[in-house]
Amino acid sequence: MSRDSIVRKKRAFFLSVLPLLWLVSCGTIMLPPLEVASCKVAEGKIVVQFTAPPSPQSLDAGLTVTEDGEKMEGQLRIHGDSAEFIPRYGLKAHHDYMVRVEAGTEDVNGHSLMEPFVYEYSTRSHRMEFSVELVAPVEADHRLVEGELHVLEGLSQIQLEFSSPVDRKSLEEGLSLSPRFDYVLLYANQDCQVTIQPLEQLEVNNRYLVSLSSSVTDRYRNPLPKELGWSFYYGLDVEPPELAFFLLPQDQEERALWPETAGLEQVAVSSSTLRDGQGDVEGASPLDLAANDWILVEFSEAVDLDVAASALRMEPVSLSQCAVAPPLEIKLNHEHGRQLKVRPLWTGDMESQCWGSIWRLVVDSRLKDRAGNEMEEPRSIILSYTKESQRPPQFLGAVMVDEAGKLAVLFSPQLPLGEMVLDVDAFPTTAEVLPQTVSLHLFFGISADATEISRTSLMEHASIQAANDCCEVTLKRLVSTAFSQEIYENYLQLLTDHGGQEDMVEGTMAMASFQVELLNRDQAGLVTLELSGALKDNLGNAMGTAAVCRVNKL
């Protein structure tokens, strides 16, 4: 065979084979790759639709479902071109989900997914920026020093203000305090406001750190953008305590044991103390008090109230009055550690010495607050127990007269011993004569707020008696408590005739008239008019000191 013949045959074979190779090559290149047609969430399942039945082994390795970035456990089922992923614990509210099918995942014929497939799904109903601020206490004493919070009264009012309701569990796990102390969290404002309430006393002059982890979320699982922290000093205090005094009338105390001081009368403070027993009250007007009124002492910051109570004392403003100070009744407000109230206990003989006395209530300068700062100087106020409504009755004197003008006997505290002369013609001494009726008029100075001496008190606490059988004198009945200017002027004339003088009466005048039976005897002796210190006016104010007047019956 010739060379040309062989070449022609080879060329014919090549031309016959070439179309077949072209068909095989094009068929291989045009076979479709595996693709994801769709992905959806329905009835708690994640359904991925492929263009061809996926290989179970390849899909199990290539399919990943995450919940907020954490891989989920679940069951994979394949039905033809469709694959179902059923989460073991279901889909949760307020979570983000991602479905990822890796590139290279094959179908049953070995065709591969050319690019990774990603599908994102969320059950969040509120997606927002979640933030928090530490709010300085509004009511508690606090201050900012170079941007750092200094708390003087504890943490009860320090609050965390969240932009949306905080998830309680995440907060309780993500909150840390250093140094550690026991506390409770108080939630308010639909969990947007959280208060840290210590259960133990914090260490003064100590720095504390409040930290929140970025794992803290709101109810919708929106996390904090980063870890946050704040620091504060507790009790870092270098200023001495200040105090204020307030009048707390007895009726105020009955309405509220510890009332707000905003509605009370503040008492002027004096820094001076007694000088050589003289009443130096410059710069502080005396406070007019009733015997049972309280003085409320309020400190600018918490102090040791037991020590504060021991720093209180009463001093007489003038040594001309009783120099023995009454004991003090003191009550402490341990809830806040800033208040106590005090009043003198007027008991026994001191009760009669209360009205008209002036005292100084002193708080010693050695008093320290809980940080150890000492009050710079004593603080004091002047207390004057001259409340008009509690003015005790003052016995001025009495006169015993008859209607015929034959008798005029003066009983006066100004006269050590008066005289009683009974005209035997008007008041015979024979046994056959019956007692005669005369009048005994008693005069008092009483409070301007009172109207009269108590009738019951007069019957109980007024008496007259004769000694040595010089005569018989008996109070029969109380006739009147009406005041008579005419009778009083007659009394005053009789008083001046005997060398006495009219008493200066502050308040108002009162008079009481008794019917008295008088029987003369032929002996000399003493007749005594006595009024007990328990004698009261119609307001209940007692004289306090008994009044005894004697006359010598001649």
# chains A, B, ... in the order shown; residues from 1 in each chain; ligands from 1
>>> residues_around(residues="Asp423 of chain A", least_positions_apart="5", cutoff="12 Å", atoms="only C-alpha atoms", output="NGL selection string")
:A and (402 or 404-409 or 428-429 or 519-522 or 553-554)
>>> select_by_dssp(residues="segment 306-494 of chain A", states="helix (DSSP H, G or I)", output="PyMOL selection string")
chain A and resi 306-310+349-354+388-390+455-461+485-494
>>> closest_residue(among="A:Ala309, A:Ile330, A:Leu495, A:Val41", to="Leu410 of chain A", atoms="only C-alpha atoms")
A:Leu495
>>> closest_residue(among="A:Val48, A:Val303, A:Leu492, A:Ile487", to="Met375 of chain A", atoms="only C-alpha atoms")
A:Val303
>>> select_by_dssp(residues="segment 386-443 of chain A", states="strand (DSSP E or B)", output="number ranges by chain")
A: 394-401, 408-411, 418-420, 436-443
>>> residues_around(residues="His95 of chain A", least_positions_apart="4", cutoff="10 Å", atoms="only C-alpha atoms", output="list in words")
Glu67, Asp68, Gly69, Leu91, Tyr121, Ser122, Thr123, Arg124, Ser125, Tyr220, Arg221 and Asn222 of chain A
>>> write_last_selection(atoms="N, CA, C and O atoms", output="PDB file, in the first residue's frame")
ATOM      1  N   GLU A  67     -28.148  28.395  66.248  1.00  0.00           N
ATOM      2  CA  GLU A  67     -29.106  29.225  67.001  1.00  0.00           C
ATOM      3  C   GLU A  67     -28.307  30.229  67.810  1.00  0.00           C
ATOM      4  O   GLU A  67     -27.578  29.857  68.726  1.00  0.00           O
ATOM      5  N   ASP A  68     -28.419  31.507  67.442  1.00  0.00           N
ATOM      6  CA  ASP A  68     -27.592  32.552  68.050  1.00  0.00           C
ATOM      7  C   ASP A  68     -26.120  32.153  68.071  1.00  0.00           C
ATOM      8  O   ASP A  68     -25.400  32.351  69.055  1.00  0.00           O
ATOM      9  N   GLY A  69     -25.669  31.554  66.938  1.00  0.00           N
ATOM     10  CA  GLY A  69     -24.270  31.204  66.781  1.00  0.00           C
ATOM     11  C   GLY A  69     -23.883  29.849  67.334  1.00  0.00           C
ATOM     12  O   GLY A  69     -22.754  29.411  67.117  1.00  0.00           O
ATOM     13  N   LEU A  91     -37.758  25.577  67.711  1.00  0.00           N
ATOM     14  CA  LEU A  91     -37.297  26.947  67.484  1.00  0.00           C
ATOM     15  C   LEU A  91     -37.822  27.848  68.606  1.00  0.00           C
ATOM     16  O   LEU A  91     -38.981  27.751  68.980  1.00  0.00           O
ATOM     17  N   TYR A 121     -32.650  33.288  59.379  1.00  0.00           N
ATOM     18  CA  TYR A 121     -34.049  33.392  59.822  1.00  0.00           C
ATOM     19  C   TYR A 121     -34.044  33.842  61.286  1.00  0.00           C
ATOM     20  O   TYR A 121     -33.183  33.433  62.069  1.00  0.00           O
ATOM     21  N   SER A 122     -34.977  34.708  61.664  1.00  0.00           N
ATOM     22  CA  SER A 122     -35.031  35.230  63.043  1.00  0.00           C
ATOM     23  C   SER A 122     -36.447  35.151  63.587  1.00  0.00           C
ATOM     24  O   SER A 122     -37.414  35.396  62.855  1.00  0.00           O
ATOM     25  N   THR A 123     -36.525  34.818  64.878  1.00  0.00           N
ATOM     26  CA  THR A 123     -37.827  34.836  65.575  1.00  0.00           C
ATOM     27  C   THR A 123     -37.943  36.067  66.469  1.00  0.00           C
ATOM     28  O   THR A 123     -38.838  36.147  67.310  1.00  0.00           O
ATOM     29  N   ARG A 124     -37.029  37.002  66.316  1.00  0.00           N
ATOM     30  CA  ARG A 124     -37.085  38.216  67.122  1.00  0.00           C
ATOM     31  C   ARG A 124     -38.242  39.092  66.674  1.00  0.00           C
ATOM     32  O   ARG A 124     -38.420  39.341  65.489  1.00  0.00           O
ATOM     33  N   SER A 125     -39.003  39.584  67.706  1.00  0.00           N
ATOM     34  CA  SER A 125     -40.068  40.543  67.407  1.00  0.00           C
ATOM     35  C   SER A 125     -39.600  41.970  67.639  1.00  0.00           C
ATOM     36  O   SER A 125     -40.193  42.920  67.162  1.00  0.00           O
ATOM     37  N   TYR A 220     -35.845  40.474  74.889  1.00  0.00           N
ATOM     38  CA  TYR A 220     -35.891  40.088  73.479  1.00  0.00           C
ATOM     39  C   TYR A 220     -34.544  39.571  73.005  1.00  0.00           C
ATOM     40  O   TYR A 220     -34.297  39.472  71.814  1.00  0.00           O
ATOM     41  N   ARG A 221     -33.662  39.286  73.975  1.00  0.00           N
ATOM     42  CA  ARG A 221     -32.350  38.693  73.739  1.00  0.00           C
ATOM     43  C   ARG A 221     -31.411  39.618  72.971  1.00  0.00           C
ATOM     44  O   ARG A 221     -30.479  39.176  72.321  1.00  0.00           O
ATOM     45  N   ASN A 222     -31.669  40.915  73.075  1.00  0.00           N
ATOM     46  CA  ASN A 222     -30.702  41.873  72.552  1.00  0.00           C
ATOM     47  C   ASN A 222     -29.600  42.037  73.586  1.00  0.00           C
ATOM     48  O   ASN A 222     -29.877  42.397  74.739  1.00  0.00           O
TER      49      ASN A 222
END
>>> decode(residues="segment 28-54 of chain A", atoms="N, CA and C atoms", output="mmCIF file, in the first residue's frame")
data_model
loop_
_atom_site.group_PDB
_atom_site.id
_atom_site.type_symbol
_atom_site.label_atom_id
_atom_site.label_comp_id
_atom_site.auth_asym_id
_atom_site.auth_seq_id
_atom_site.Cartn_x
_atom_site.Cartn_y
_atom_site.Cartn_z
ATOM 1 N N THR A 28 -20.421 15.825 28.886
ATOM 2 C CA THR A 28 -19.865 15.878 30.238
ATOM 3 C C THR A 28 -19.902 17.299 30.788
ATOM 4 N N ILE A 29 -19.576 18.279 30.035
ATOM 5 C CA ILE A 29 -19.543 19.659 30.493
ATOM 6 C C ILE A 29 -20.939 20.172 30.762
ATOM 7 N N MET A 30 -21.928 19.822 30.115
ATOM 8 C CA MET A 30 -23.273 20.369 30.234
ATOM 9 C C MET A 30 -24.128 19.652 31.266
ATOM 10 N N LEU A 31 -23.617 18.634 31.964
ATOM 11 C CA LEU A 31 -24.402 18.016 33.041
ATOM 12 C C LEU A 31 -24.621 19.050 34.139
ATOM 13 N N PRO A 32 -25.878 19.291 34.678
ATOM 14 C CA PRO A 32 -26.158 20.372 35.648
ATOM 15 C C PRO A 32 -25.558 20.069 37.023
ATOM 16 N N PRO A 33 -24.939 21.103 37.729
ATOM 17 C CA PRO A 33 -24.450 20.907 39.111
ATOM 18 C C PRO A 33 -25.633 20.899 40.087
ATOM 19 N N LEU A 34 -25.381 20.455 41.366
ATOM 20 C CA LEU A 34 -26.401 20.461 42.420
ATOM 21 C C LEU A 34 -26.623 21.901 42.882
ATOM 22 N N GLU A 35 -27.857 22.287 43.044
ATOM 23 C CA GLU A 35 -28.202 23.622 43.521
ATOM 24 C C GLU A 35 -29.284 23.544 44.592
ATOM 25 N N VAL A 36 -29.364 24.611 45.403
ATOM 26 C CA VAL A 36 -30.444 24.750 46.392
ATOM 27 C C VAL A 36 -31.523 25.609 45.759
ATOM 28 N N ALA A 37 -32.696 25.020 45.617
ATOM 29 C CA ALA A 37 -33.801 25.756 44.976
ATOM 30 C C ALA A 37 -34.477 26.723 45.943
ATOM 31 N N SER A 38 -34.607 26.328 47.228
ATOM 32 C CA SER A 38 -35.273 27.195 48.202
ATOM 33 C C SER A 38 -34.987 26.685 49.609
ATOM 34 N N CYS A 39 -35.256 27.582 50.572
ATOM 35 C CA CYS A 39 -35.145 27.209 51.991
ATOM 36 C C CYS A 39 -36.214 27.974 52.743
ATOM 37 N N LYS A 40 -36.925 27.313 53.613
ATOM 38 C CA LYS A 40 -37.983 27.971 54.376
ATOM 39 C C LYS A 40 -38.158 27.287 55.724
ATOM 40 N N VAL A 41 -38.828 28.012 56.638
ATOM 41 C CA VAL A 41 -39.147 27.483 57.955
ATOM 42 C C VAL A 41 -40.655 27.331 58.031
ATOM 43 N N ALA A 42 -41.125 26.157 58.370
ATOM 44 C CA ALA A 42 -42.558 25.902 58.427
ATOM 45 C C ALA A 42 -42.839 24.846 59.480
ATOM 46 N N GLU A 43 -43.794 25.163 60.361
ATOM 47 C CA GLU A 43 -44.249 24.219 61.392
ATOM 48 C C GLU A 43 -43.090 23.685 62.230
ATOM 49 N N GLY A 44 -42.170 24.601 62.598
ATOM 50 C CA GLY A 44 -41.061 24.213 63.456
ATOM 51 C C GLY A 44 -39.979 23.422 62.759
ATOM 52 N N LYS A 45 -40.037 23.311 61.424
ATOM 53 C CA LYS A 45 -39.021 22.570 60.662
ATOM 54 C C LYS A 45 -38.341 23.523 59.678
ATOM 55 N N ILE A 46 -37.107 23.163 59.347
ATOM 56 C CA ILE A 46 -36.364 23.895 58.318
ATOM 57 C C ILE A 46 -36.311 22.999 57.090
ATOM 58 N N VAL A 47 -36.868 23.438 55.972
ATOM 59 C CA VAL A 47 -36.992 22.633 54.756
ATOM 60 C C VAL A 47 -36.095 23.249 53.677
ATOM 61 N N VAL A 48 -35.125 22.413 53.167
ATOM 62 C CA VAL A 48 -34.221 22.836 52.093
ATOM 63 C C VAL A 48 -34.581 22.052 50.837
ATOM 64 N N GLN A 49 -34.887 22.751 49.763
ATOM 65 C CA GLN A 49 -35.272 22.120 48.504
ATOM 66 C C GLN A 49 -34.083 22.168 47.544
ATOM 67 N N PHE A 50 -33.626 20.983 47.061
ATOM 68 C CA PHE A 50 -32.508 20.875 46.123
ATOM 69 C C PHE A 50 -33.034 20.619 44.716
ATOM 70 N N THR A 51 -32.160 20.782 43.731
ATOM 71 C CA THR A 51 -32.534 20.495 42.340
ATOM 72 C C THR A 51 -32.407 19.023 42.019
ATOM 73 N N ALA A 52 -31.815 18.252 42.932
ATOM 74 C CA ALA A 52 -31.676 16.800 42.757
ATOM 75 C C ALA A 52 -31.628 16.174 44.137
ATOM 76 N N PRO A 53 -31.934 14.916 44.251
ATOM 77 C CA PRO A 53 -31.890 14.259 45.577
ATOM 78 C C PRO A 53 -30.487 14.333 46.157
ATOM 79 N N PRO A 54 -30.336 14.912 47.324
ATOM 80 C CA PRO A 54 -29.006 15.008 47.930
ATOM 81 C C PRO A 54 -28.557 13.670 48.500
#
